[in-house]
Amino acid sequence: MPFDVTLADIQAAAVRIAGKVRRTPTYHSAGLSERLGVETWVKLESLQLGGSFKVRGCFNKLAALSAAELARGVVTVSGGNHAIAVSLVARAVGTRALVLMPKATPALNIRLTQEAGGEVELCDDSIAAFAKAEDYAAAGMVHVHSYDDPAIIAGHGTLGLELAADAGGRIDHVFISIGGGGFSAGVGAALKGLDPAVRLHGVETEGATTMTQALAAGEPVPIRSTSIARTLGAPFATERTMAAARQFLEEIVVVPDADAARELVWVLQNERVLVEPAAACVVAAALARKEKFRPGERVCLVLCGSNVAIEDIARWRTEFGL
């Protein structure tokens, strides 16, 4: 299928969610510029409401629901940032949010989802949760898919509009993480729509190569993630997000968990910012590609989220010798 979200869709989403989400900082990083050898900017979406970019798409989706749909409530599948975002936004617009989570979901994510107002129901795994979501949708609830939805994707794309406006000039390379592919699809549509010359580098971690496997197979491939970057562990890509990846991405860089954990610690110590492995992996990917940057080029790293437990960071430092 052809990709079906346009720059105009994203610009309309920006109007729809204005005032409901934060315009997160975009800033020049001297430390990362020195490490990468070129001028490097950071989009700090880890400071977004709910701790990630996900509220952008959720506000765009739920703001368009009818009164009858809101009365029936929404159901979603997520063990991470989307769960928290749907719960926050559902409470803001006055509807019920039922969140289907794999039993292996970290306790922190369950707690944050419940504190945001979501009702949590645990399932054996993500694949079982998606099947159950379809049952709830058949009974009348609105299924808010975490990444295979044009409204969700358009909302996420608003980050790209902010980045292009706030980075202070041309951007040559953008590094962005990939879970199911909706985030990179929206940001890619925005940035490429504004400047076709910008080069987007998708990033996955070993053990969460959902999009890499799908593109290699030519169709969605179900996976069970083993990566510490839990929010990248989408159980499958979709035809829509695969089409966007083919259209917008230069490549997908796959980095080891140890590198993502190392850069998480570096960002915390040097940028004074808490990020999760799904965000820190883009720093590792940019370092892996630094020899390809040309003098005078400008790089931007999108740090997508910050929902990580301190005890996990302590365990990773021990596990990976950091």
# chains A, B, ... in the order shown; residues from 1 in each chain; ligands from 1
>>> closest_atom_pairs(of="region 57-163 of chain A", to="region 304-316 of chain A", cutoff="9 Å", atoms="only C-alpha atoms", output="JSON lines")
{"residue": "A:Gly80", "atom": "CA", "partner": "A:Asn307", "partner_atom": "CA", "distance": 8.1}
{"residue": "A:Asn81", "atom": "CA", "partner": "A:Asn307", "partner_atom": "CA", "distance": 7.3}
{"residue": "A:Pro106", "atom": "CA", "partner": "A:Ala309", "partner_atom": "CA", "distance": 9.0}
{"residue": "A:Leu108", "atom": "CA", "partner": "A:Ala309", "partner_atom": "CA", "distance": 6.7}
{"residue": "A:Asn109", "atom": "CA", "partner": "A:Asn307", "partner_atom": "CA", "distance": 7.7}
>>> closest_atom_pairs(of="region 41-109 of chain A", to="region 261-281 of chain A", cutoff="12 Å", atoms="only C-alpha atoms", output="tab-separated table")
residue	atom	partner	partner_atom	distance
A:Trp41	CA	A:Glu271	CA	11.9
A:Val42	CA	A:Glu271	CA	10.1
A:Lys43	CA	A:Ala279	CA	10.5
A:Leu44	CA	A:Val273	CA	8.7
A:Glu45	CA	A:Ala279	CA	9.2
A:Ser46	CA	A:Val275	CA	6.2
A:Leu47	CA	A:Val273	CA	8.9
A:Gln48	CA	A:Val275	CA	11.5
A:Gly51	CA	A:Val275	CA	9.1
A:Ser52	CA	A:Val275	CA	9.6
A:Phe53	CA	A:Ala279	CA	11.0
A:Gly80	CA	A:Ala278	CA	11.0
A:Asn81	CA	A:Glu276	CA	10.7
>>> residues_around(residues="Ala83 (chain A)", least_positions_apart="3", cutoff="10 Å", atoms="only C-alpha atoms", output="list in words")
Gly50, Lys54, Val55, Val75, Thr76, Val77, Ser78, Gly79, Gly80, Val86, Ser87, Leu88, Ala97, Leu98, Val99, Leu100, Met101, Asn109, Ile110, Leu112, Thr113, Gln114, Ala116, Gly118, Glu119, Val120 and Ser146 of chain A
>>> closest_residue(among="A:Pro222, A:Pro256, A:Gly155, A:Gly140", to="Val15 (chain A)", atoms="only C-alpha atoms")
A:Gly155
>>> residues_around(residues="Thr6 (chain A)", least_positions_apart="3", cutoff="8 Å", atoms="only C-alpha atoms", output="list of chain:residue names")
A:Asp9, A:Ile10, A:Ala154, A:Ala189, A:Ala190, A:Gly193
>>> write_last_selection(atoms="N, CA and C atoms", output="JSON list (two decimals), in the first residue's frame")
[["chain", "number", "residue", "atom", "x", "y", "z"],
["A", 9, "ASP", "N", -1.68, 16.80, 6.35],
["A", 9, "ASP", "CA", -2.30, 16.12, 7.50],
["A", 9, "ASP", "C", -1.57, 16.49, 8.79],
["A", 10, "ILE", "N", -0.26, 16.55, 8.72],
["A", 10, "ILE", "CA", 0.54, 16.85, 9.90],
["A", 10, "ILE", "C", 0.36, 18.31, 10.31],
["A", 154, "ALA", "N", 0.05, 11.25, 12.05],
["A", 154, "ALA", "CA", 0.06, 12.70, 11.78],
["A", 154, "ALA", "C", 0.37, 13.49, 13.03],
["A", 189, "ALA", "N", 7.54, 12.06, 7.24],
["A", 189, "ALA", "CA", 6.64, 12.76, 6.32],
["A", 189, "ALA", "C", 6.75, 14.27, 6.50],
["A", 190, "ALA", "N", 6.89, 14.72, 7.75],
["A", 190, "ALA", "CA", 7.01, 16.16, 8.01],
["A", 190, "ALA", "C", 8.33, 16.71, 7.47],
["A", 193, "GLY", "N", 8.70, 16.34, 3.73],
["A", 193, "GLY", "CA", 7.78, 17.24, 3.06],
["A", 193, "GLY", "C", 8.28, 18.67, 3.03]]
>>> residues_around(residues="region 170-181 of chain A", least_positions_apart="6", cutoff="8 Å", atoms="only C-alpha atoms", output="PDB file with N, CA and C atoms, in the first residue's frame")
ATOM      1  N   TYR A 147       0.451   2.567  16.538  1.00  0.00           N
ATOM      2  CA  TYR A 147       1.274   3.101  15.445  1.00  0.00           C
ATOM      3  C   TYR A 147       0.662   2.944  14.059  1.00  0.00           C
ATOM      4  N   ASP A 148      -0.309   2.055  13.863  1.00  0.00           N
ATOM      5  CA  ASP A 148      -0.877   1.875  12.526  1.00  0.00           C
ATOM      6  C   ASP A 148      -2.198   2.631  12.396  1.00  0.00           C
ATOM      7  N   ALA A 164      12.121  21.267  12.537  1.00  0.00           N
ATOM      8  CA  ALA A 164      12.532  22.053  11.371  1.00  0.00           C
ATOM      9  C   ALA A 164      12.519  23.550  11.670  1.00  0.00           C
ATOM     10  N   ALA A 197      15.758  16.861   0.898  1.00  0.00           N
ATOM     11  CA  ALA A 197      17.174  16.495   0.960  1.00  0.00           C
ATOM     12  C   ALA A 197      17.596  15.957   2.321  1.00  0.00           C
ATOM     13  N   VAL A 198      16.792  16.153   3.367  1.00  0.00           N
ATOM     14  CA  VAL A 198      17.178  15.678   4.689  1.00  0.00           C
ATOM     15  C   VAL A 198      17.256  14.151   4.671  1.00  0.00           C
ATOM     16  N   ARG A 199      18.236  13.600   5.390  1.00  0.00           N
ATOM     17  CA  ARG A 199      18.434  12.153   5.422  1.00  0.00           C
ATOM     18  C   ARG A 199      18.046  11.609   6.793  1.00  0.00           C
ATOM     19  N   LEU A 200      17.102  10.687   6.800  1.00  0.00           N
ATOM     20  CA  LEU A 200      16.598  10.099   8.035  1.00  0.00           C
ATOM     21  C   LEU A 200      17.208   8.721   8.238  1.00  0.00           C
ATOM     22  N   HIS A 201      17.752   8.528   9.436  1.00  0.00           N
ATOM     23  CA  HIS A 201      18.350   7.255   9.808  1.00  0.00           C
ATOM     24  C   HIS A 201      17.494   6.635  10.912  1.00  0.00           C
ATOM     25  N   GLY A 202      16.841   5.531  10.607  1.00  0.00           N
ATOM     26  CA  GLY A 202      16.088   4.817  11.626  1.00  0.00           C
ATOM     27  C   GLY A 202      17.032   4.036  12.518  1.00  0.00           C
ATOM     28  N   VAL A 203      16.614   3.825  13.766  1.00  0.00           N
ATOM     29  CA  VAL A 203      17.471   3.115  14.722  1.00  0.00           C
ATOM     30  C   VAL A 203      16.650   2.060  15.463  1.00  0.00           C
ATOM     31  N   GLU A 204      17.183   0.853  15.514  1.00  0.00           N
ATOM     32  CA  GLU A 204      16.627  -0.227  16.324  1.00  0.00           C
ATOM     33  C   GLU A 204      17.734  -0.794  17.207  1.00  0.00           C
ATOM     34  N   ALA A 208      15.155  -6.115  19.069  1.00  0.00           N
ATOM     35  CA  ALA A 208      13.910  -5.379  18.798  1.00  0.00           C
ATOM     36  C   ALA A 208      13.926  -4.890  17.354  1.00  0.00           C
ATOM     37  N   THR A 210      12.049  -5.107  14.711  1.00  0.00           N
ATOM     38  CA  THR A 210      10.747  -5.310  14.079  1.00  0.00           C
ATOM     39  C   THR A 210      10.745  -4.860  12.619  1.00  0.00           C
ATOM     40  N   MET A 211      11.206  -3.634  12.358  1.00  0.00           N
ATOM     41  CA  MET A 211      11.146  -3.109  11.003  1.00  0.00           C
ATOM     42  C   MET A 211      12.218  -3.737  10.113  1.00  0.00           C
ATOM     43  N   THR A 231      10.317  -0.156  24.893  1.00  0.00           N
ATOM     44  CA  THR A 231       9.342   0.611  24.109  1.00  0.00           C
ATOM     45  C   THR A 231       9.600   0.491  22.606  1.00  0.00           C
ATOM     46  N   LEU A 232      10.674  -0.176  22.207  1.00  0.00           N
ATOM     47  CA  LEU A 232      10.896  -0.466  20.794  1.00  0.00           C
ATOM     48  C   LEU A 232      10.382  -1.856  20.412  1.00  0.00           C
ATOM     49  N   GLY A 233       9.850  -2.589  21.381  1.00  0.00           N
ATOM     50  CA  GLY A 233       9.501  -3.989  21.164  1.00  0.00           C
ATOM     51  C   GLY A 233       8.129  -4.209  20.557  1.00  0.00           C
ATOM     52  N   ALA A 234       7.787  -3.474  19.501  1.00  0.00           N
ATOM     53  CA  ALA A 234       6.507  -3.705  18.823  1.00  0.00           C
ATOM     54  C   ALA A 234       6.469  -5.132  18.284  1.00  0.00           C
ATOM     55  N   PRO A 235       5.324  -5.824  18.405  1.00  0.00           N
ATOM     56  CA  PRO A 235       5.269  -7.223  17.981  1.00  0.00           C
ATOM     57  C   PRO A 235       5.295  -7.411  16.470  1.00  0.00           C
ATOM     58  N   PHE A 236       5.001  -6.355  15.713  1.00  0.00           N
ATOM     59  CA  PHE A 236       5.033  -6.444  14.246  1.00  0.00           C
ATOM     60  C   PHE A 236       4.997  -5.038  13.666  1.00  0.00           C
ATOM     61  N   ALA A 237       5.538  -4.885  12.476  1.00  0.00           N
ATOM     62  CA  ALA A 237       5.328  -3.669  11.690  1.00  0.00           C
ATOM     63  C   ALA A 237       4.033  -3.856  10.902  1.00  0.00           C
ATOM     64  N   THR A 238       3.636  -2.858  10.130  1.00  0.00           N
ATOM     65  CA  THR A 238       2.432  -2.985   9.309  1.00  0.00           C
ATOM     66  C   THR A 238       2.755  -2.533   7.886  1.00  0.00           C
ATOM     67  N   THR A 241       3.358   1.279   7.913  1.00  0.00           N
ATOM     68  CA  THR A 241       4.634   1.771   8.443  1.00  0.00           C
ATOM     69  C   THR A 241       5.811   1.262   7.620  1.00  0.00           C
ATOM     70  N   MET A 242       5.676   0.092   7.019  1.00  0.00           N
ATOM     71  CA  MET A 242       6.714  -0.381   6.112  1.00  0.00           C
ATOM     72  C   MET A 242       6.812   0.522   4.879  1.00  0.00           C
ATOM     73  N   ALA A 244       6.136   3.668   4.747  1.00  0.00           N
ATOM     74  CA  ALA A 244       6.794   4.905   5.170  1.00  0.00           C
ATOM     75  C   ALA A 244       8.297   4.700   5.317  1.00  0.00           C
ATOM     76  N   ALA A 245       8.701   3.566   5.882  1.00  0.00           N
ATOM     77  CA  ALA A 245      10.134   3.291   6.042  1.00  0.00           C
ATOM     78  C   ALA A 245      10.830   3.236   4.691  1.00  0.00           C
ATOM     79  N   ALA A 278      15.394   3.427  24.405  1.00  0.00           N
ATOM     80  CA  ALA A 278      14.839   3.687  23.076  1.00  0.00           C
ATOM     81  C   ALA A 278      15.230   5.058  22.551  1.00  0.00           C
ATOM     82  N   ALA A 279      15.603   5.968  23.443  1.00  0.00           N
ATOM     83  CA  ALA A 279      16.100   7.287  23.044  1.00  0.00           C
ATOM     84  C   ALA A 279      17.620   7.281  22.931  1.00  0.00           C
ATOM     85  N   CYS A 281      19.593   5.006  22.182  1.00  0.00           N
ATOM     86  CA  CYS A 281      20.144   4.233  21.063  1.00  0.00           C
ATOM     87  C   CYS A 281      20.440   5.108  19.851  1.00  0.00           C
ATOM     88  N   VAL A 282      19.761   6.257  19.699  1.00  0.00           N
ATOM     89  CA  VAL A 282      20.051   7.101  18.539  1.00  0.00           C
ATOM     90  C   VAL A 282      21.427   7.754  18.671  1.00  0.00           C
ATOM     91  N   ALA A 285      23.791   5.109  17.539  1.00  0.00           N
ATOM     92  CA  ALA A 285      23.727   4.953  16.082  1.00  0.00           C
ATOM     93  C   ALA A 285      24.479   6.073  15.378  1.00  0.00           C
ATOM     94  N   ALA A 286      24.335   7.299  15.849  1.00  0.00           N
ATOM     95  CA  ALA A 286      25.042   8.423  15.234  1.00  0.00           C
ATOM     96  C   ALA A 286      26.556   8.254  15.381  1.00  0.00           C
ATOM     97  N   GLU A 297      28.202  19.628   7.817  1.00  0.00           N
ATOM     98  CA  GLU A 297      26.853  19.069   7.943  1.00  0.00           C
ATOM     99  C   GLU A 297      26.328  19.251   9.363  1.00  0.00           C
ATOM    100  N   ARG A 298      24.997  19.210   9.475  1.00  0.00           N
ATOM    101  CA  ARG A 298      24.326  19.375  10.773  1.00  0.00           C
ATOM    102  C   ARG A 298      23.479  18.138  11.037  1.00  0.00           C
ATOM    103  N   VAL A 299      23.589  17.626  12.261  1.00  0.00           N
ATOM    104  CA  VAL A 299      22.928  16.386  12.671  1.00  0.00           C
ATOM    105  C   VAL A 299      21.944  16.696  13.785  1.00  0.00           C
ATOM    106  N   CYS A 300      20.799  16.010  13.778  1.00  0.00           N
ATOM    107  CA  CYS A 300      19.862  16.125  14.900  1.00  0.00           C
ATOM    108  C   CYS A 300      19.522  14.737  15.423  1.00  0.00           C
ATOM    109  N   LEU A 301      19.535  14.597  16.727  1.00  0.00           N
ATOM    110  CA  LEU A 301      19.173  13.358  17.408  1.00  0.00           C
ATOM    111  C   LEU A 301      17.849  13.567  18.134  1.00  0.00           C
ATOM    112  N   VAL A 302      16.876  12.714  17.863  1.00  0.00           N
ATOM    113  CA  VAL A 302      15.567  12.817  18.508  1.00  0.00           C
ATOM    114  C   VAL A 302      15.561  11.885  19.713  1.00  0.00           C
ATOM    115  N   LEU A 303      15.529  12.468  20.903  1.00  0.00           N
ATOM    116  CA  LEU A 303      15.476  11.688  22.142  1.00  0.00           C
ATOM    117  C   LEU A 303      14.009  11.558  22.544  1.00  0.00           C
ATOM    118  N   CYS A 304      13.441  10.379  22.275  1.00  0.00           N
ATOM    119  CA  CYS A 304      11.982  10.240  22.197  1.00  0.00           C
ATOM    120  C   CYS A 304      11.272  10.056  23.518  1.00  0.00           C
TER     121      CYS A 304
END
>>> select_by_dssp(residues="region 90-133 of chain A", states="helix (DSSP H, G or I)", output="ChimeraX atom specification")
/A:90-93,107-115,126-133
>>> select_by_dssp(residues="region 61-280 of chain A", states="strand (DSSP E)", output="ChimeraX atom specification")
/A:74-77,97-102,119-123,142-143,173-177,199-205,249-255
>>> closest_atom_pairs(of="region 123-174 of chain A", to="region 59-70 of chain A", cutoff="9 Å", atoms="only C-alpha atoms", output="Markdown table")
| residue | atom | partner | partner_atom | distance |
| --- | --- | --- | --- | --- |
| A:Gly140 | CA | A:Glu69 | CA | 8.2 |
| A:Met141 | CA | A:Glu69 | CA | 7.4 |
| A:Val142 | CA | A:Glu69 | CA | 6.7 |
| A:Val144 | CA | A:Lys61 | CA | 7.8 |
| A:Asp149 | CA | A:Lys61 | CA | 8.6 |
| A:Pro150 | CA | A:Lys61 | CA | 8.7 |
| A:Ala151 | CA | A:Lys61 | CA | 5.2 |
| A:Ile152 | CA | A:Lys61 | CA | 5.8 |
| A:Ala154 | CA | A:Asn60 | CA | 7.7 |
| A:Gly155 | CA | A:Asn60 | CA | 5.4 |
| A:His156 | CA | A:Asn60 | CA | 8.8 |
>>> decode(residues="region 175-302 of chain A", atoms="C-alpha atoms", output="PDB file, in the first residue's frame")
ATOM      1  CA  PHE A 175      18.441   9.920  13.790  1.00  0.00           C
ATOM      2  CA  ILE A 176      15.137   8.559  15.109  1.00  0.00           C
ATOM      3  CA  SER A 177      14.232   5.297  16.837  1.00  0.00           C
ATOM      4  CA  ILE A 178      11.767   2.779  15.430  1.00  0.00           C
ATOM      5  CA  GLY A 179       9.312   0.570  17.302  1.00  0.00           C
ATOM      6  CA  GLY A 180       6.318  -0.228  15.128  1.00  0.00           C
ATOM      7  CA  GLY A 181       7.283   2.582  12.783  1.00  0.00           C
ATOM      8  CA  GLY A 182       4.539   5.158  13.331  1.00  0.00           C
ATOM      9  CA  PHE A 183       6.818   7.749  14.928  1.00  0.00           C
ATOM     10  CA  SER A 184       9.466   7.674  12.206  1.00  0.00           C
ATOM     11  CA  ALA A 185       6.680   7.653   9.596  1.00  0.00           C
ATOM     12  CA  GLY A 186       5.140  10.879  10.888  1.00  0.00           C
ATOM     13  CA  VAL A 187       8.399  12.694  11.512  1.00  0.00           C
ATOM     14  CA  GLY A 188       9.714  11.491   8.167  1.00  0.00           C
ATOM     15  CA  ALA A 189       6.642  12.764   6.322  1.00  0.00           C
ATOM     16  CA  ALA A 190       7.009  16.158   8.007  1.00  0.00           C
ATOM     17  CA  LEU A 191      10.743  16.605   7.482  1.00  0.00           C
ATOM     18  CA  LYS A 192      10.845  15.193   3.957  1.00  0.00           C
ATOM     19  CA  GLY A 193       7.777  17.239   3.061  1.00  0.00           C
ATOM     20  CA  LEU A 194       9.586  20.396   4.133  1.00  0.00           C
ATOM     21  CA  ASP A 195      13.031  19.453   2.783  1.00  0.00           C
ATOM     22  CA  PRO A 196      13.388  16.365   0.564  1.00  0.00           C
ATOM     23  CA  ALA A 197      17.174  16.495   0.960  1.00  0.00           C
ATOM     24  CA  VAL A 198      17.178  15.678   4.689  1.00  0.00           C
ATOM     25  CA  ARG A 199      18.434  12.153   5.422  1.00  0.00           C
ATOM     26  CA  LEU A 200      16.598  10.099   8.035  1.00  0.00           C
ATOM     27  CA  HIS A 201      18.350   7.255   9.808  1.00  0.00           C
ATOM     28  CA  GLY A 202      16.088   4.817  11.626  1.00  0.00           C
ATOM     29  CA  VAL A 203      17.471   3.115  14.722  1.00  0.00           C
ATOM     30  CA  GLU A 204      16.627  -0.227  16.324  1.00  0.00           C
ATOM     31  CA  THR A 205      18.314  -2.247  19.040  1.00  0.00           C
ATOM     32  CA  GLU A 206      19.392  -5.853  18.767  1.00  0.00           C
ATOM     33  CA  GLY A 207      16.485  -7.954  19.966  1.00  0.00           C
ATOM     34  CA  ALA A 208      13.910  -5.379  18.798  1.00  0.00           C
ATOM     35  CA  THR A 209      14.420  -5.423  15.029  1.00  0.00           C
ATOM     36  CA  THR A 210      10.747  -5.310  14.079  1.00  0.00           C
ATOM     37  CA  MET A 211      11.146  -3.109  11.003  1.00  0.00           C
ATOM     38  CA  THR A 212      14.452  -4.601   9.852  1.00  0.00           C
ATOM     39  CA  GLN A 213      12.926  -8.074   9.780  1.00  0.00           C
ATOM     40  CA  ALA A 214       9.740  -6.884   8.079  1.00  0.00           C
ATOM     41  CA  LEU A 215      11.597  -5.082   5.301  1.00  0.00           C
ATOM     42  CA  ALA A 216      13.885  -8.078   4.756  1.00  0.00           C
ATOM     43  CA  ALA A 217      10.880 -10.399   4.485  1.00  0.00           C
ATOM     44  CA  GLY A 218       8.797  -7.989   2.421  1.00  0.00           C
ATOM     45  CA  GLU A 219       5.913  -8.336   4.872  1.00  0.00           C
ATOM     46  CA  PRO A 220       5.180  -7.906   8.590  1.00  0.00           C
ATOM     47  CA  VAL A 221       6.958 -10.497  10.734  1.00  0.00           C
ATOM     48  CA  PRO A 222       5.790 -11.159  14.321  1.00  0.00           C
ATOM     49  CA  ILE A 223       8.604 -10.865  16.853  1.00  0.00           C
ATOM     50  CA  ARG A 224       9.038 -11.175  20.589  1.00  0.00           C
ATOM     51  CA  SER A 225      11.465  -8.522  21.727  1.00  0.00           C
ATOM     52  CA  THR A 226      14.406  -9.385  23.976  1.00  0.00           C
ATOM     53  CA  SER A 227      15.929  -5.877  24.078  1.00  0.00           C
ATOM     54  CA  ILE A 228      16.246  -3.662  27.137  1.00  0.00           C
ATOM     55  CA  ALA A 229      14.656  -0.966  24.931  1.00  0.00           C
ATOM     56  CA  ARG A 230      11.195  -2.226  25.810  1.00  0.00           C
ATOM     57  CA  THR A 231       9.342   0.611  24.109  1.00  0.00           C
ATOM     58  CA  LEU A 232      10.896  -0.466  20.794  1.00  0.00           C
ATOM     59  CA  GLY A 233       9.501  -3.989  21.164  1.00  0.00           C
ATOM     60  CA  ALA A 234       6.507  -3.705  18.823  1.00  0.00           C
ATOM     61  CA  PRO A 235       5.269  -7.223  17.981  1.00  0.00           C
ATOM     62  CA  PHE A 236       5.033  -6.444  14.246  1.00  0.00           C
ATOM     63  CA  ALA A 237       5.328  -3.669  11.690  1.00  0.00           C
ATOM     64  CA  THR A 238       2.432  -2.985   9.309  1.00  0.00           C
ATOM     65  CA  GLU A 239       2.078  -2.400   5.587  1.00  0.00           C
ATOM     66  CA  ARG A 240       1.535   1.319   6.296  1.00  0.00           C
ATOM     67  CA  THR A 241       4.634   1.771   8.443  1.00  0.00           C
ATOM     68  CA  MET A 242       6.714  -0.381   6.112  1.00  0.00           C
ATOM     69  CA  ALA A 243       5.688   1.845   3.198  1.00  0.00           C
ATOM     70  CA  ALA A 244       6.794   4.905   5.170  1.00  0.00           C
ATOM     71  CA  ALA A 245      10.134   3.291   6.042  1.00  0.00           C
ATOM     72  CA  ARG A 246      10.800   2.520   2.384  1.00  0.00           C
ATOM     73  CA  GLN A 247       9.855   6.056   1.379  1.00  0.00           C
ATOM     74  CA  PHE A 248      11.650   8.104   4.024  1.00  0.00           C
ATOM     75  CA  LEU A 249      14.535   6.179   5.614  1.00  0.00           C
ATOM     76  CA  GLU A 250      18.089   6.112   4.318  1.00  0.00           C
ATOM     77  CA  GLU A 251      18.826   3.052   6.420  1.00  0.00           C
ATOM     78  CA  ILE A 252      18.106   1.362   9.721  1.00  0.00           C
ATOM     79  CA  VAL A 253      21.034   1.210  12.129  1.00  0.00           C
ATOM     80  CA  VAL A 254      20.871  -1.655  14.631  1.00  0.00           C
ATOM     81  CA  VAL A 255      22.840  -1.107  17.839  1.00  0.00           C
ATOM     82  CA  PRO A 256      23.603  -3.456  20.743  1.00  0.00           C
ATOM     83  CA  ASP A 257      21.769  -3.014  24.037  1.00  0.00           C
ATOM     84  CA  ALA A 258      25.102  -2.351  25.728  1.00  0.00           C
ATOM     85  CA  ASP A 259      25.698   0.675  23.479  1.00  0.00           C
ATOM     86  CA  ALA A 260      22.214   2.043  24.198  1.00  0.00           C
ATOM     87  CA  ALA A 261      22.805   1.652  27.933  1.00  0.00           C
ATOM     88  CA  ARG A 262      26.230   3.298  27.697  1.00  0.00           C
ATOM     89  CA  GLU A 263      24.805   6.333  25.906  1.00  0.00           C
ATOM     90  CA  LEU A 264      21.912   6.550  28.360  1.00  0.00           C
ATOM     91  CA  VAL A 265      24.462   6.978  31.128  1.00  0.00           C
ATOM     92  CA  TRP A 266      26.479   9.463  29.043  1.00  0.00           C
ATOM     93  CA  VAL A 267      23.411  11.602  28.311  1.00  0.00           C
ATOM     94  CA  LEU A 268      22.421  11.583  31.973  1.00  0.00           C
ATOM     95  CA  GLN A 269      25.888  12.554  33.148  1.00  0.00           C
ATOM     96  CA  ASN A 270      26.791  15.046  30.416  1.00  0.00           C
ATOM     97  CA  GLU A 271      23.520  16.490  29.127  1.00  0.00           C
ATOM     98  CA  ARG A 272      21.837  16.260  32.565  1.00  0.00           C
ATOM     99  CA  VAL A 273      18.815  14.590  30.943  1.00  0.00           C
ATOM    100  CA  LEU A 274      17.145  11.284  31.800  1.00  0.00           C
ATOM    101  CA  VAL A 275      16.274   9.193  28.741  1.00  0.00           C
ATOM    102  CA  GLU A 276      15.236   5.594  28.155  1.00  0.00           C
ATOM    103  CA  PRO A 277      17.208   3.102  26.022  1.00  0.00           C
ATOM    104  CA  ALA A 278      14.839   3.687  23.076  1.00  0.00           C
ATOM    105  CA  ALA A 279      16.100   7.287  23.044  1.00  0.00           C
ATOM    106  CA  ALA A 280      19.750   6.707  23.922  1.00  0.00           C
ATOM    107  CA  CYS A 281      20.144   4.233  21.063  1.00  0.00           C
ATOM    108  CA  VAL A 282      20.051   7.101  18.539  1.00  0.00           C
ATOM    109  CA  VAL A 283      23.216   8.533  20.104  1.00  0.00           C
ATOM    110  CA  ALA A 284      24.910   5.156  19.702  1.00  0.00           C
ATOM    111  CA  ALA A 285      23.727   4.953  16.082  1.00  0.00           C
ATOM    112  CA  ALA A 286      25.042   8.423  15.234  1.00  0.00           C
ATOM    113  CA  LEU A 287      28.428   7.525  16.725  1.00  0.00           C
ATOM    114  CA  ALA A 288      28.460   4.378  14.593  1.00  0.00           C
ATOM    115  CA  ARG A 289      27.935   6.531  11.480  1.00  0.00           C
ATOM    116  CA  LYS A 290      30.152   9.508  12.370  1.00  0.00           C
ATOM    117  CA  GLU A 291      32.756   8.699   9.712  1.00  0.00           C
ATOM    118  CA  LYS A 292      30.100   9.322   7.035  1.00  0.00           C
ATOM    119  CA  PHE A 293      29.350  12.895   8.129  1.00  0.00           C
ATOM    120  CA  ARG A 294      30.885  15.608   5.966  1.00  0.00           C
ATOM    121  CA  PRO A 295      32.419  18.861   7.239  1.00  0.00           C
ATOM    122  CA  GLY A 296      29.748  21.503   7.651  1.00  0.00           C
ATOM    123  CA  GLU A 297      26.853  19.069   7.943  1.00  0.00           C
ATOM    124  CA  ARG A 298      24.326  19.375  10.773  1.00  0.00           C
ATOM    125  CA  VAL A 299      22.928  16.386  12.671  1.00  0.00           C
ATOM    126  CA  CYS A 300      19.862  16.125  14.900  1.00  0.00           C
ATOM    127  CA  LEU A 301      19.173  13.358  17.408  1.00  0.00           C
ATOM    128  CA  VAL A 302      15.567  12.817  18.508  1.00  0.00           C
TER     129      VAL A 302
END
